[in-house]
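Visitor: Before anything else, here's the structure in question.
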Amino acid sequence: MTEYKGTREAFAAALLDMAEEHPDIVMVSSDSVKAMRAVPFADKYPDRYLECGIAEQGAVDAAAGIASCGLTPFVGTYCGFLTMRACEQMRTFVGYTNLPVKFVGVNAGLLGGEREGVTHQFYEDLAIVSAFPNYSIFTPADPEQCYEAVKAAYETPGPVYVRAGSGREVDVYPKGAPFAKSGITVHREYGSDAVLFSNGFVLDRVIKAADLLHEQGVDVTAADINILYGKDPSEILKTMAISDQLFTVEDHNINGGLGSYISRLATENKPAFVTRIALTTYGESGPAKELADAYGYAPEDIAKKVREKIRK
Amino acid sequence: MTNEQIQEKARKLRFEAVRMVYEGKDGHPGPALSIADIIATLYFDIMHIDPKKPDLPDRDRLILSKGHSCPILYAALNERGYFEPKVEHFNLRQLGSKFQGHPSMRSTEGLDMTSGSLGNGIAVGCGMAFAAKAQGLDYTTYVITGDGELQEGVIWEGVNTARGRELDNLIVFVDRNGWQSYKSIDYTIGQNNVADRFRAFGWHTQEICGHDIAAIKSAVTIAKSVKGLPHCIVCDDIKGKGLSYMENNNAWHKGVPTDEQFRIAEEELGGAEK
């Protein structure tokens, strides 16, 4: 198994680890092979690496063409350049055709883009992809989960979008932990005062918030949602049933991501108060930790919002 | 197939395309007639395909990048035997029909790719051409684009990739009929120098009359003999070719013949069973 650290390296490691066994795997690059840390794949399998240059729409089109011929292309680059610049190609030539193209979008969220600033921070990707039928949407919470998510993407029929970061993600899961098919992993079970749902690379902060709340006499359950809009949400509904106070915390715009998903599940299955902690503005440049703290993702601030809402 | 036989196929396809639009009461007959000879030559002579095995791994591929021309492609697939039984009434653009307003590979047997959103065909074709090389298969990927859709930026993304990766198993026909939805190409971008642009991007480029069957056959043969470069065949075409009131009349970019106009089409194109 290839060693790695960070979600981009995790992607490249998973690709390399699968490549020998699965000759149908190819990589499509929009001059992103270096950013995706996948140069070793391109060097080892030059005939299975298509370089399209700085041209995301063309790269996604090419991936559709490749997939239509029985191969399984992975397209990896900055997630906004996929979901926004190549939005229509993802929808019409991959989603509508239901072709097995696997997308790995990096620099997701404030934490993904951090110092680069707004042009390279993307907090709209999940809202966009979740409007496309046929897509599976994976939101791994750390490098280990990203590695597993990329492998799961290969095993999953049809189009898959994997949301990834930039390399500064905090390890939460133990090595080898599976990418939960149920779409949920509960990390803290202090009690039923509230349920905190998280996804992506703020999970460590949400777990810390749950620990803080416990110390402050508020006992919550904290869970990671790793698949958005999955076919079978029954396990998520079981955790939702624990409390009438549900919270979502995500490094994404407040519309269209985890908060929207949990709100939908609540509306359709179990009426509950859903408080969404998410972005409502564009971000700015800054070191990852300071930036996340400044935009409301400090564990103390998350805990405070929970306490204020449930008045305990 | 002889050139005369292909010409006869093209005539029949033209009539079927017009009939399809007439019966469906919607569609783009002018753009369809413009490429009838290219489609007929590809499907009845050049392409390695087996209608009984539409998923054959080493079949030649075709992407109709100018997907709104699809009536002529549907007619060709029908005539070539992709549908059992043969389709009598296409129900083009009608609810539940396998003949969507623009080509859908999941709806219609024999379609290698969904299309209709202009500009994407060449880049998709790059993927198919790359896949052929990656799999060690010897098929050719054909793309038909309009000259108007060359205004889309993604066209040139695909053009760059094909050149960069030396995709010599990719052949692009440009249907250079000089028109787009509103006005002429000349009006819109000041010039319609398709061949110059493809040559500038490093492609092996030829210019022919797109209604000359022998020229189409010959251009493909020449293209296949040139290795290391992708191929562009610029076809000087007449929009609406074959039907007097549609020829070079951009009002027929999209439109439905009246009963009287359909009668004229039967006269001029001879009906399906001539």
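In the structure tokens, each chain is lettered A, B, ... as it comes, each chain's residues begin at 1, and ligands are numbered from 1 in order of appearance.
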Kindly determine which residues of chain A lie within 6 Å of chain B, considering only C-alpha atoms, and give the answer as a list in words.
Guide: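 So the contacting residues turn out to be Asp47, Cys52, Ala55, Gly58, Asp61, Ala62, Ala63, Gly65 and Ile66 of chain A.
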Visitor: Near B:Gly146, counting only C-alpha atoms, which residues have an atom at most 7 Å away, once you skip same-chain residues fewer than 4 positions from it, shown as a list of chain:residue names?
Guide: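 Residues meeting the cut-off are B:Lys66, B:Leu150, B:Val174, B:Asp175, B:Arg176.
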Visitor: Can you list, as a PyMOL selection string, every protein, DNA or RNA residue that comes within 9 Å of stretch 16-32 of chain A when you count only C-alpha atoms, leaving out same-chain residues fewer than 3 positions away?
Guide: (chain A and resi 1-2+11-13+35-38+40-42+44-45+47-60+62-63+66+70-78+151+154) or (chain B and resi 134-135)
Visitor: Generate a file of the selected residues that holds N, CA and C atoms, formatted as a CSV table (one decimal), in the first residue's frame.
Guide:
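So the final result, stored in out_36.csv, reads:
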```csv
chain,number,residue,atom,x,y,z
A,1,MET,N,0.8,-1.2,0.0
A,1,MET,CA,0.0,0.0,0.0
A,1,MET,C,0.9,1.3,0.0
A,2,THR,N,0.6,2.2,-0.9
A,2,THR,CA,1.4,3.4,-1.0
A,2,THR,C,1.2,4.3,0.2
A,11,PHE,N,-5.5,10.5,-2.7
A,11,PHE,CA,-6.1,10.2,-4.0
A,11,PHE,C,-5.1,9.4,-4.9
A,12,ALA,N,-3.9,10.0,-4.9
A,12,ALA,CA,-2.9,9.4,-5.8
A,12,ALA,C,-2.5,8.0,-5.4
A,13,ALA,N,-2.4,7.8,-4.1
A,13,ALA,CA,-2.0,6.5,-3.5
A,13,ALA,C,-3.1,5.5,-3.9
A,35,ALA,N,-0.7,18.8,-9.3
A,35,ALA,CA,-1.5,19.3,-8.1
A,35,ALA,C,-2.2,18.1,-7.4
A,36,MET,N,-2.5,17.1,-8.2
A,36,MET,CA,-3.2,15.9,-7.7
A,36,MET,C,-2.2,14.9,-7.1
A,37,ARG,N,-0.9,15.2,-7.2
A,37,ARG,CA,0.2,14.3,-6.7
A,37,ARG,C,0.2,13.0,-7.4
A,38,ALA,N,-0.3,13.0,-8.7
A,38,ALA,CA,-0.4,11.8,-9.4
A,38,ALA,C,0.7,11.6,-10.5
A,40,PRO,N,3.5,10.1,-10.2
A,40,PRO,CA,4.0,8.7,-10.2
A,40,PRO,C,3.0,7.8,-11.0
A,41,PHE,N,1.7,8.0,-11.0
A,41,PHE,CA,0.8,7.3,-11.9
A,41,PHE,C,1.1,7.5,-13.3
A,42,ALA,N,1.3,8.8,-13.7
A,42,ALA,CA,1.5,9.2,-15.1
A,42,ALA,C,2.8,8.6,-15.5
A,44,LYS,N,4.3,5.9,-14.4
A,44,LYS,CA,4.3,4.4,-14.4
A,44,LYS,C,3.3,3.9,-15.5
A,45,TYR,N,2.3,4.7,-15.8
A,45,TYR,CA,1.3,4.3,-16.8
A,45,TYR,C,1.1,5.4,-17.8
A,47,ASP,N,0.5,5.4,-20.9
A,47,ASP,CA,-0.6,5.1,-21.8
A,47,ASP,C,-2.0,5.2,-21.2
A,48,ARG,N,-2.0,5.4,-19.9
A,48,ARG,CA,-3.3,5.5,-19.2
A,48,ARG,C,-3.5,6.9,-18.6
A,49,TYR,N,-2.7,7.9,-19.1
A,49,TYR,CA,-2.8,9.2,-18.6
A,49,TYR,C,-3.0,10.2,-19.7
A,50,LEU,N,-4.2,10.9,-19.7
A,50,LEU,CA,-4.5,11.8,-20.8
A,50,LEU,C,-4.3,13.2,-20.3
A,51,GLU,N,-3.4,13.9,-20.8
A,51,GLU,CA,-3.2,15.3,-20.4
A,51,GLU,C,-3.9,16.2,-21.4
A,52,CYS,N,-4.9,17.0,-20.9
A,52,CYS,CA,-5.7,17.9,-21.7
A,52,CYS,C,-5.3,19.4,-21.6
A,53,GLY,N,-4.3,19.6,-20.8
A,53,GLY,CA,-3.9,21.0,-20.6
A,53,GLY,C,-4.9,21.8,-19.7
A,54,ILE,N,-4.7,23.1,-19.6
A,54,ILE,CA,-5.6,23.9,-18.7
A,54,ILE,C,-6.9,24.1,-19.4
A,55,ALA,N,-7.8,23.1,-19.2
A,55,ALA,CA,-9.0,23.1,-20.0
A,55,ALA,C,-9.9,22.1,-19.4
A,56,GLU,N,-10.6,22.5,-18.4
A,56,GLU,CA,-11.5,21.6,-17.6
A,56,GLU,C,-12.7,21.1,-18.4
A,57,GLN,N,-13.3,21.9,-19.2
A,57,GLN,CA,-14.5,21.5,-19.9
A,57,GLN,C,-14.1,20.4,-20.9
A,58,GLY,N,-13.0,20.6,-21.6
A,58,GLY,CA,-12.5,19.6,-22.5
A,58,GLY,C,-12.1,18.3,-21.8
A,59,ALA,N,-11.5,18.5,-20.6
A,59,ALA,CA,-11.0,17.3,-19.9
A,59,ALA,C,-12.2,16.4,-19.5
A,60,VAL,N,-13.3,17.1,-19.0
A,60,VAL,CA,-14.5,16.3,-18.6
A,60,VAL,C,-15.2,15.7,-19.8
A,62,ALA,N,-13.6,14.7,-22.5
A,62,ALA,CA,-12.7,13.6,-22.9
A,62,ALA,C,-13.0,12.4,-22.0
A,63,ALA,N,-13.1,12.7,-20.7
A,63,ALA,CA,-13.4,11.6,-19.8
A,63,ALA,C,-14.7,10.9,-20.1
A,66,ILE,N,-13.9,8.6,-23.0
A,66,ILE,CA,-13.1,7.5,-22.5
A,66,ILE,C,-14.1,6.5,-21.8
A,70,GLY,N,-15.6,2.0,-22.3
A,70,GLY,CA,-15.4,0.9,-21.3
A,70,GLY,C,-14.3,1.1,-20.3
A,71,LEU,N,-13.6,2.2,-20.3
A,71,LEU,CA,-12.6,2.5,-19.3
A,71,LEU,C,-13.2,3.3,-18.2
A,72,THR,N,-12.4,3.4,-17.1
A,72,THR,CA,-12.9,4.2,-15.9
A,72,THR,C,-11.9,5.3,-15.7
A,73,PRO,N,-12.3,6.5,-16.2
A,73,PRO,CA,-11.4,7.6,-16.0
A,73,PRO,C,-11.6,8.3,-14.6
A,74,PHE,N,-10.5,8.7,-14.0
A,74,PHE,CA,-10.6,9.6,-12.8
A,74,PHE,C,-10.1,11.0,-13.3
A,75,VAL,N,-11.0,12.0,-13.0
A,75,VAL,CA,-10.6,13.4,-13.4
A,75,VAL,C,-10.4,14.1,-12.1
A,76,GLY,N,-9.2,14.6,-11.9
A,76,GLY,CA,-8.9,15.3,-10.6
A,76,GLY,C,-8.3,16.7,-10.9
A,77,THR,N,-8.9,17.6,-10.2
A,77,THR,CA,-8.4,19.0,-10.2
A,77,THR,C,-9.2,19.8,-9.2
A,78,TYR,N,-9.0,21.1,-9.2
A,78,TYR,CA,-9.7,22.0,-8.2
A,78,TYR,C,-11.2,21.8,-8.4
A,151,LYS,N,-11.3,4.6,-3.5
A,151,LYS,CA,-11.5,3.2,-3.9
A,151,LYS,C,-13.0,2.9,-4.0
A,154,TYR,N,-14.4,3.9,-7.3
A,154,TYR,CA,-14.2,3.0,-8.4
A,154,TYR,C,-15.2,1.9,-8.4
B,134,ALA,N,-5.3,3.5,-25.9
B,134,ALA,CA,-5.0,2.9,-24.6
B,134,ALA,C,-5.4,1.4,-24.6
B,135,GLN,N,-6.4,1.0,-25.4
B,135,GLN,CA,-6.9,-0.4,-25.4
B,135,GLN,C,-6.3,-1.1,-26.6
```
Visitor: Counting only C-alpha atoms, what is within 9 Å of A:Val206, bar same-chain residues fewer than 5 positions away, as a list in words?
Guide: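 My list of contacting residues is Leu196, Phe197, Ser198, Asp211, Ala222, Ala223, Val249, Tyr297, Ala298, Pro299, Ile302 and Ala303 of chain A.
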Visitor: Would you kindly return, as a PyMOL selection string, each protein, DNA or RNA residue with an atom no farther than 9 Å from any atom of A:Asp219, considering only C-alpha atoms and excluding same-chain residues fewer than 3 positions away?
Guide: chain A and resi 189-194+210-211+213-216
Visitor: Can you spit out the residues from that selection as an mmCIF file, in the first residue's frame, using all heavy atoms?
Guide:
```
data_model
loop_
_atom_site.group_PDB
_atom_site.id
_atom_site.type_symbol
_atom_site.label_atom_id
_atom_site.label_comp_id
_atom_site.auth_asym_id
_atom_site.auth_seq_id
_atom_site.Cartn_x
_atom_site.Cartn_y
_atom_site.Cartn_z
ATOM 1 N N GLU A 189 -21.060 9.786 21.474
ATOM 2 C CA GLU A 189 -22.425 9.466 21.904
ATOM 3 C C GLU A 189 -22.605 9.872 23.361
ATOM 4 O O GLU A 189 -22.831 9.037 24.227
ATOM 5 C CB GLU A 189 -22.706 7.967 21.748
ATOM 6 C CG GLU A 189 -22.728 7.507 20.304
ATOM 7 C CD GLU A 189 -23.048 6.027 20.184
ATOM 8 O OE1 GLU A 189 -22.131 5.207 20.370
ATOM 9 O OE2 GLU A 189 -24.220 5.705 19.918
ATOM 10 N N TYR A 190 -22.483 11.158 23.635
ATOM 11 C CA TYR A 190 -22.626 11.638 25.014
ATOM 12 C C TYR A 190 -24.095 11.662 25.442
ATOM 13 O O TYR A 190 -24.408 11.499 26.610
ATOM 14 C CB TYR A 190 -22.036 13.039 25.161
ATOM 15 C CG TYR A 190 -20.519 13.070 25.061
ATOM 16 C CD1 TYR A 190 -19.891 13.847 24.090
ATOM 17 C CD2 TYR A 190 -19.727 12.343 25.960
ATOM 18 C CE1 TYR A 190 -18.510 13.895 24.006
ATOM 19 C CE2 TYR A 190 -18.339 12.388 25.867
ATOM 20 C CZ TYR A 190 -17.736 13.165 24.897
ATOM 21 O OH TYR A 190 -16.377 13.205 24.820
ATOM 22 N N GLY A 191 -24.990 11.931 24.491
ATOM 23 C CA GLY A 191 -26.386 12.006 24.898
ATOM 24 C C GLY A 191 -27.274 12.576 23.816
ATOM 25 O O GLY A 191 -26.882 12.672 22.642
ATOM 26 N N SER A 192 -28.486 12.960 24.218
ATOM 27 C CA SER A 192 -29.522 13.340 23.251
ATOM 28 C C SER A 192 -29.913 14.812 23.330
ATOM 29 O O SER A 192 -30.952 15.209 22.819
ATOM 30 C CB SER A 192 -30.759 12.464 23.472
ATOM 31 O OG SER A 192 -31.250 12.645 24.793
ATOM 32 N N ASP A 193 -29.098 15.632 23.962
ATOM 33 C CA ASP A 193 -29.434 17.063 23.991
ATOM 34 C C ASP A 193 -29.458 17.640 22.577
ATOM 35 O O ASP A 193 -30.211 18.577 22.288
ATOM 36 C CB ASP A 193 -28.414 17.829 24.837
ATOM 37 C CG ASP A 193 -28.589 17.544 26.332
ATOM 38 O OD1 ASP A 193 -29.710 17.119 26.713
ATOM 39 O OD2 ASP A 193 -27.626 17.727 27.092
ATOM 40 N N ALA A 194 -28.612 17.095 21.727
ATOM 41 C CA ALA A 194 -28.572 17.529 20.321
ATOM 42 C C ALA A 194 -27.780 16.495 19.531
ATOM 43 O O ALA A 194 -27.050 15.693 20.098
ATOM 44 C CB ALA A 194 -27.910 18.900 20.188
ATOM 45 N N ALA A 210 -18.142 18.721 20.572
ATOM 46 C CA ALA A 210 -18.950 17.763 21.340
ATOM 47 C C ALA A 210 -18.289 17.480 22.690
ATOM 48 O O ALA A 210 -18.972 17.399 23.729
ATOM 49 C CB ALA A 210 -19.125 16.470 20.546
ATOM 50 N N ASP A 211 -16.958 17.345 22.662
ATOM 51 C CA ASP A 211 -16.225 17.106 23.921
ATOM 52 C C ASP A 211 -16.366 18.308 24.858
ATOM 53 O O ASP A 211 -16.577 18.158 26.073
ATOM 54 C CB ASP A 211 -14.742 16.831 23.629
ATOM 55 C CG ASP A 211 -14.543 15.510 22.891
ATOM 56 O OD1 ASP A 211 -15.451 14.661 22.925
ATOM 57 O OD2 ASP A 211 -13.474 15.342 22.261
ATOM 58 N N LEU A 213 -18.749 20.551 24.916
ATOM 59 C CA LEU A 213 -20.131 20.619 25.403
ATOM 60 C C LEU A 213 -20.344 19.624 26.544
ATOM 61 O O LEU A 213 -21.018 19.929 27.538
ATOM 62 C CB LEU A 213 -21.107 20.325 24.255
ATOM 63 C CG LEU A 213 -21.296 21.476 23.252
ATOM 64 C CD1 LEU A 213 -21.934 20.973 21.956
ATOM 65 C CD2 LEU A 213 -22.151 22.591 23.863
ATOM 66 N N HIS A 214 -19.751 18.465 26.399
ATOM 67 C CA HIS A 214 -19.871 17.449 27.451
ATOM 68 C C HIS A 214 -19.287 17.981 28.757
ATOM 69 O O HIS A 214 -19.895 17.827 29.837
ATOM 70 C CB HIS A 214 -19.152 16.173 27.001
ATOM 71 C CG HIS A 214 -19.170 15.077 28.023
ATOM 72 N ND1 HIS A 214 -20.337 14.523 28.516
ATOM 73 C CD2 HIS A 214 -18.153 14.440 28.676
ATOM 74 C CE1 HIS A 214 -20.044 13.592 29.409
ATOM 75 N NE2 HIS A 214 -18.718 13.526 29.532
ATOM 76 N N GLU A 215 -18.124 18.621 28.635
ATOM 77 C CA GLU A 215 -17.506 19.207 29.834
ATOM 78 C C GLU A 215 -18.397 20.286 30.439
ATOM 79 O O GLU A 215 -18.375 20.529 31.647
ATOM 80 C CB GLU A 215 -16.148 19.833 29.483
ATOM 81 C CG GLU A 215 -15.071 18.801 29.151
ATOM 82 C CD GLU A 215 -13.861 19.451 28.475
ATOM 83 O OE1 GLU A 215 -13.753 20.704 28.511
ATOM 84 O OE2 GLU A 215 -13.065 18.706 27.892
ATOM 85 N N GLN A 216 -19.193 20.935 29.594
ATOM 86 C CA GLN A 216 -20.058 22.034 30.042
ATOM 87 C C GLN A 216 -21.455 21.541 30.442
ATOM 88 O O GLN A 216 -22.366 22.344 30.662
ATOM 89 C CB GLN A 216 -20.167 23.074 28.915
ATOM 90 C CG GLN A 216 -18.831 23.755 28.624
ATOM 91 C CD GLN A 216 -18.817 24.419 27.248
ATOM 92 O OE1 GLN A 216 -19.783 24.334 26.489
ATOM 93 N NE2 GLN A 216 -17.717 25.090 26.935
#
```
Visitor: Excluding same-chain residues fewer than 4 positions from stretch 213-219 of chain B, what lies within 9 Å of it counting only C-alpha atoms, as a list in words?
Guide: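 So, after excluding close chain neighbours, the residues are Asn3, Glu4, Ile6, Gln7, Asp37, Ile38, Ala40, Thr41, Leu42, Asp45, Ile46, Gln206, Glu207, Ile208, Cys209, Ala223, Lys224, Ile233 and Cys235 of chain B.
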Visitor: Could you write those residues out with N, CA, C and O atoms, as a compact mmCIF listing (two decimals), in the first residue's frame?
Guide:
```txt
# COMPACT_ATOMS: atom_id res chain seq x y z
N ASN B 3 -20.38 5.25 -55.55
CA ASN B 3 -20.74 6.63 -55.24
C ASN B 3 -22.21 6.90 -55.58
O ASN B 3 -22.90 7.62 -54.86
N GLU B 4 -22.65 6.29 -56.66
CA GLU B 4 -24.06 6.49 -57.07
C GLU B 4 -25.01 5.87 -56.04
O GLU B 4 -26.05 6.46 -55.70
N ILE B 6 -24.38 5.48 -52.87
CA ILE B 6 -24.34 6.33 -51.66
C ILE B 6 -25.17 7.59 -51.89
O ILE B 6 -25.91 8.03 -51.01
N GLN B 7 -25.06 8.13 -53.11
CA GLN B 7 -25.85 9.32 -53.44
C GLN B 7 -27.34 9.03 -53.29
O GLN B 7 -28.11 9.85 -52.78
N ASP B 37 -24.79 13.95 -47.12
CA ASP B 37 -23.83 13.18 -47.93
C ASP B 37 -22.68 12.65 -47.08
O ASP B 37 -22.19 11.55 -47.31
N ILE B 38 -22.28 13.45 -46.10
CA ILE B 38 -21.21 12.98 -45.18
C ILE B 38 -21.72 11.79 -44.39
O ILE B 38 -21.06 10.75 -44.28
N ALA B 40 -24.21 9.74 -45.06
CA ALA B 40 -24.46 8.56 -45.91
C ALA B 40 -23.14 7.87 -46.26
O ALA B 40 -23.05 6.64 -46.23
N THR B 41 -22.13 8.65 -46.57
CA THR B 41 -20.83 8.05 -46.94
C THR B 41 -20.21 7.33 -45.76
O THR B 41 -19.66 6.23 -45.90
N LEU B 42 -20.31 7.93 -44.58
CA LEU B 42 -19.75 7.30 -43.39
C LEU B 42 -20.49 6.01 -43.06
O LEU B 42 -19.89 4.96 -42.86
N ASP B 45 -20.53 3.33 -46.21
CA ASP B 45 -19.30 2.92 -46.90
C ASP B 45 -18.08 2.88 -45.98
O ASP B 45 -17.38 1.88 -45.93
N ILE B 46 -17.85 3.94 -45.25
CA ILE B 46 -16.55 4.09 -44.58
C ILE B 46 -16.50 3.41 -43.22
O ILE B 46 -15.55 2.70 -42.90
N GLN B 206 -7.82 19.27 -44.62
CA GLN B 206 -8.18 19.22 -46.04
C GLN B 206 -9.46 20.02 -46.25
O GLN B 206 -10.25 20.20 -45.33
N GLU B 207 -9.66 20.47 -47.49
CA GLU B 207 -10.88 21.20 -47.84
C GLU B 207 -11.52 20.52 -49.04
O GLU B 207 -10.86 20.33 -50.06
N ILE B 208 -12.79 20.17 -48.89
CA ILE B 208 -13.49 19.49 -49.98
C ILE B 208 -14.91 20.05 -50.12
O ILE B 208 -15.36 20.84 -49.27
N CYS B 209 -15.60 19.60 -51.15
CA CYS B 209 -17.04 19.84 -51.24
C CYS B 209 -17.72 18.71 -50.47
O CYS B 209 -17.50 17.54 -50.76
N ALA B 223 -6.57 11.12 -44.97
CA ALA B 223 -6.41 11.38 -43.53
C ALA B 223 -5.80 10.17 -42.83
O ALA B 223 -4.87 10.30 -42.03
N LYS B 224 -6.29 9.00 -43.17
CA LYS B 224 -5.80 7.79 -42.49
C LYS B 224 -4.35 7.48 -42.83
O LYS B 224 -3.67 6.76 -42.10
N ILE B 233 -11.44 17.71 -41.87
CA ILE B 233 -11.90 17.78 -43.26
C ILE B 233 -12.97 18.87 -43.31
O ILE B 233 -14.07 18.70 -42.78
N CYS B 235 -15.71 20.81 -44.96
CA CYS B 235 -16.64 20.50 -46.04
C CYS B 235 -17.44 21.74 -46.40
O CYS B 235 -18.22 22.24 -45.57
```
Visitor: May I ask which of the residues B:Gln191, B:Thr258, B:Gln180, B:Asn169 is the closest one to B:His204, counting only C-alpha atoms?
Guide: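 Of B:Gln191, B:Thr258, B:Gln180, B:Asn169, the one nearest B:His204, counting only C-alpha atoms, is B:Asn169.
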Visitor: For A:Glu155, list every protein, DNA or RNA residue within 12 Å, evaluated using only C-alpha atoms, and leave out those in the same chain fewer than 3 positions away; present the list as a list of chain:residue names.
Guide: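 Once the nearby chain positions are removed, what remains is A:Met18, A:His22, A:Ile25, A:Thr72, A:Pro100, A:Val101, A:Lys102, A:Ser136, A:Glu148, A:Ala149, A:Val150, A:Lys151, A:Ala152, A:Gly158, A:Pro159, A:Val160, A:Phe179, A:Lys181.
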Visitor: Taking into account only C-alpha atoms, which residue in the set B:Leu92, B:Ala10, B:Leu170, B:Val143 is nearest to B:Leu33?
Guide: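 Closest to B:Leu33 of all the choices is B:Ala10.
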Visitor: Mind listing the helix (DSSP H, G or I) residues of stretch 161-200 of chain B, per DSSP on the backbone, as a PyMOL selection string?
Guide: chain B and resi 161-164+185-189+194-200
Visitor: If you keep N, CA, C and O atoms, can you produce a file of those selected residues as a PDB file, in the first residue's frame?
Guide:
```pdb
ATOM      1  N   THR B 161      -5.930  19.411 -27.318  1.00  0.00           N
ATOM      2  CA  THR B 161      -5.635  18.088 -26.764  1.00  0.00           C
ATOM      3  C   THR B 161      -5.322  17.088 -27.874  1.00  0.00           C
ATOM      4  O   THR B 161      -4.369  16.310 -27.778  1.00  0.00           O
ATOM      5  N   ALA B 162      -6.116  17.128 -28.929  1.00  0.00           N
ATOM      6  CA  ALA B 162      -5.900  16.184 -30.037  1.00  0.00           C
ATOM      7  C   ALA B 162      -4.519  16.377 -30.652  1.00  0.00           C
ATOM      8  O   ALA B 162      -3.824  15.414 -30.982  1.00  0.00           O
ATOM      9  N   ARG B 163      -4.115  17.632 -30.775  1.00  0.00           N
ATOM     10  CA  ARG B 163      -2.792  17.910 -31.340  1.00  0.00           C
ATOM     11  C   ARG B 163      -1.700  17.492 -30.358  1.00  0.00           C
ATOM     12  O   ARG B 163      -0.711  16.860 -30.737  1.00  0.00           O
ATOM     13  N   GLY B 164      -1.890  17.866 -29.105  1.00  0.00           N
ATOM     14  CA  GLY B 164      -0.874  17.556 -28.104  1.00  0.00           C
ATOM     15  C   GLY B 164      -0.651  16.070 -27.930  1.00  0.00           C
ATOM     16  O   GLY B 164       0.473  15.612 -27.726  1.00  0.00           O
ATOM     17  N   ILE B 185     -22.018  33.222 -40.614  1.00  0.00           N
ATOM     18  CA  ILE B 185     -20.783  33.169 -39.832  1.00  0.00           C
ATOM     19  C   ILE B 185     -19.968  34.434 -40.114  1.00  0.00           C
ATOM     20  O   ILE B 185     -19.372  35.020 -39.208  1.00  0.00           O
ATOM     21  N   ASP B 186     -19.955  34.842 -41.372  1.00  0.00           N
ATOM     22  CA  ASP B 186     -19.197  36.044 -41.738  1.00  0.00           C
ATOM     23  C   ASP B 186     -19.666  37.243 -40.924  1.00  0.00           C
ATOM     24  O   ASP B 186     -18.860  38.034 -40.444  1.00  0.00           O
ATOM     25  N   TYR B 187     -20.979  37.381 -40.781  1.00  0.00           N
ATOM     26  CA  TYR B 187     -21.506  38.489 -39.989  1.00  0.00           C
ATOM     27  C   TYR B 187     -21.066  38.354 -38.526  1.00  0.00           C
ATOM     28  O   TYR B 187     -20.652  39.315 -37.894  1.00  0.00           O
ATOM     29  N   THR B 188     -21.134  37.144 -38.009  1.00  0.00           N
ATOM     30  CA  THR B 188     -20.951  36.941 -36.568  1.00  0.00           C
ATOM     31  C   THR B 188     -19.499  37.124 -36.134  1.00  0.00           C
ATOM     32  O   THR B 188     -19.224  37.786 -35.135  1.00  0.00           O
ATOM     33  N   ILE B 189     -18.586  36.519 -36.889  1.00  0.00           N
ATOM     34  CA  ILE B 189     -17.182  36.598 -36.448  1.00  0.00           C
ATOM     35  C   ILE B 189     -16.257  37.205 -37.501  1.00  0.00           C
ATOM     36  O   ILE B 189     -15.040  37.201 -37.341  1.00  0.00           O
ATOM     37  N   VAL B 194     -12.194  28.434 -41.605  1.00  0.00           N
ATOM     38  CA  VAL B 194     -12.079  27.233 -40.785  1.00  0.00           C
ATOM     39  C   VAL B 194     -10.742  26.523 -40.998  1.00  0.00           C
ATOM     40  O   VAL B 194     -10.043  26.167 -40.052  1.00  0.00           O
ATOM     41  N   ALA B 195     -10.393  26.310 -42.253  1.00  0.00           N
ATOM     42  CA  ALA B 195      -9.172  25.548 -42.546  1.00  0.00           C
ATOM     43  C   ALA B 195      -7.936  26.263 -41.988  1.00  0.00           C
ATOM     44  O   ALA B 195      -7.049  25.625 -41.416  1.00  0.00           O
ATOM     45  N   ASP B 196      -7.912  27.585 -42.146  1.00  0.00           N
ATOM     46  CA  ASP B 196      -6.757  28.341 -41.629  1.00  0.00           C
ATOM     47  C   ASP B 196      -6.614  28.123 -40.124  1.00  0.00           C
ATOM     48  O   ASP B 196      -5.505  27.983 -39.608  1.00  0.00           O
ATOM     49  N   ARG B 197      -7.743  28.141 -39.436  1.00  0.00           N
ATOM     50  CA  ARG B 197      -7.679  28.005 -37.978  1.00  0.00           C
ATOM     51  C   ARG B 197      -7.194  26.615 -37.573  1.00  0.00           C
ATOM     52  O   ARG B 197      -6.361  26.477 -36.690  1.00  0.00           O
ATOM     53  N   PHE B 198      -7.718  25.576 -38.209  1.00  0.00           N
ATOM     54  CA  PHE B 198      -7.270  24.220 -37.854  1.00  0.00           C
ATOM     55  C   PHE B 198      -5.798  24.023 -38.213  1.00  0.00           C
ATOM     56  O   PHE B 198      -5.054  23.384 -37.463  1.00  0.00           O
ATOM     57  N   ARG B 199      -5.386  24.588 -39.343  1.00  0.00           N
ATOM     58  CA  ARG B 199      -3.958  24.469 -39.707  1.00  0.00           C
ATOM     59  C   ARG B 199      -3.101  25.194 -38.673  1.00  0.00           C
ATOM     60  O   ARG B 199      -2.040  24.701 -38.280  1.00  0.00           O
ATOM     61  N   ALA B 200      -3.578  26.348 -38.220  1.00  0.00           N
ATOM     62  CA  ALA B 200      -2.806  27.101 -37.230  1.00  0.00           C
ATOM     63  C   ALA B 200      -2.658  26.327 -35.921  1.00  0.00           C
ATOM     64  O   ALA B 200      -1.667  26.488 -35.204  1.00  0.00           O
TER      65      ALA B 200
END
```
Visitor: Taking into account only C-alpha atoms, which residue in the set B:Glu8, B:Gly81, B:Ile222, B:Asp60 is nearest to B:Asp138?
Guide: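 Closest residue, counting only C-alpha atoms: B:Asp60.
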Visitor: Could you tell me how far atom CA of A:Lys208 lies from atom CA of A:Lys5, in Å and to one decimal?
Guide: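 Atom-to-atom, atom CA of A:Lys208 to atom CA of A:Lys5, that is 21.9 Å.
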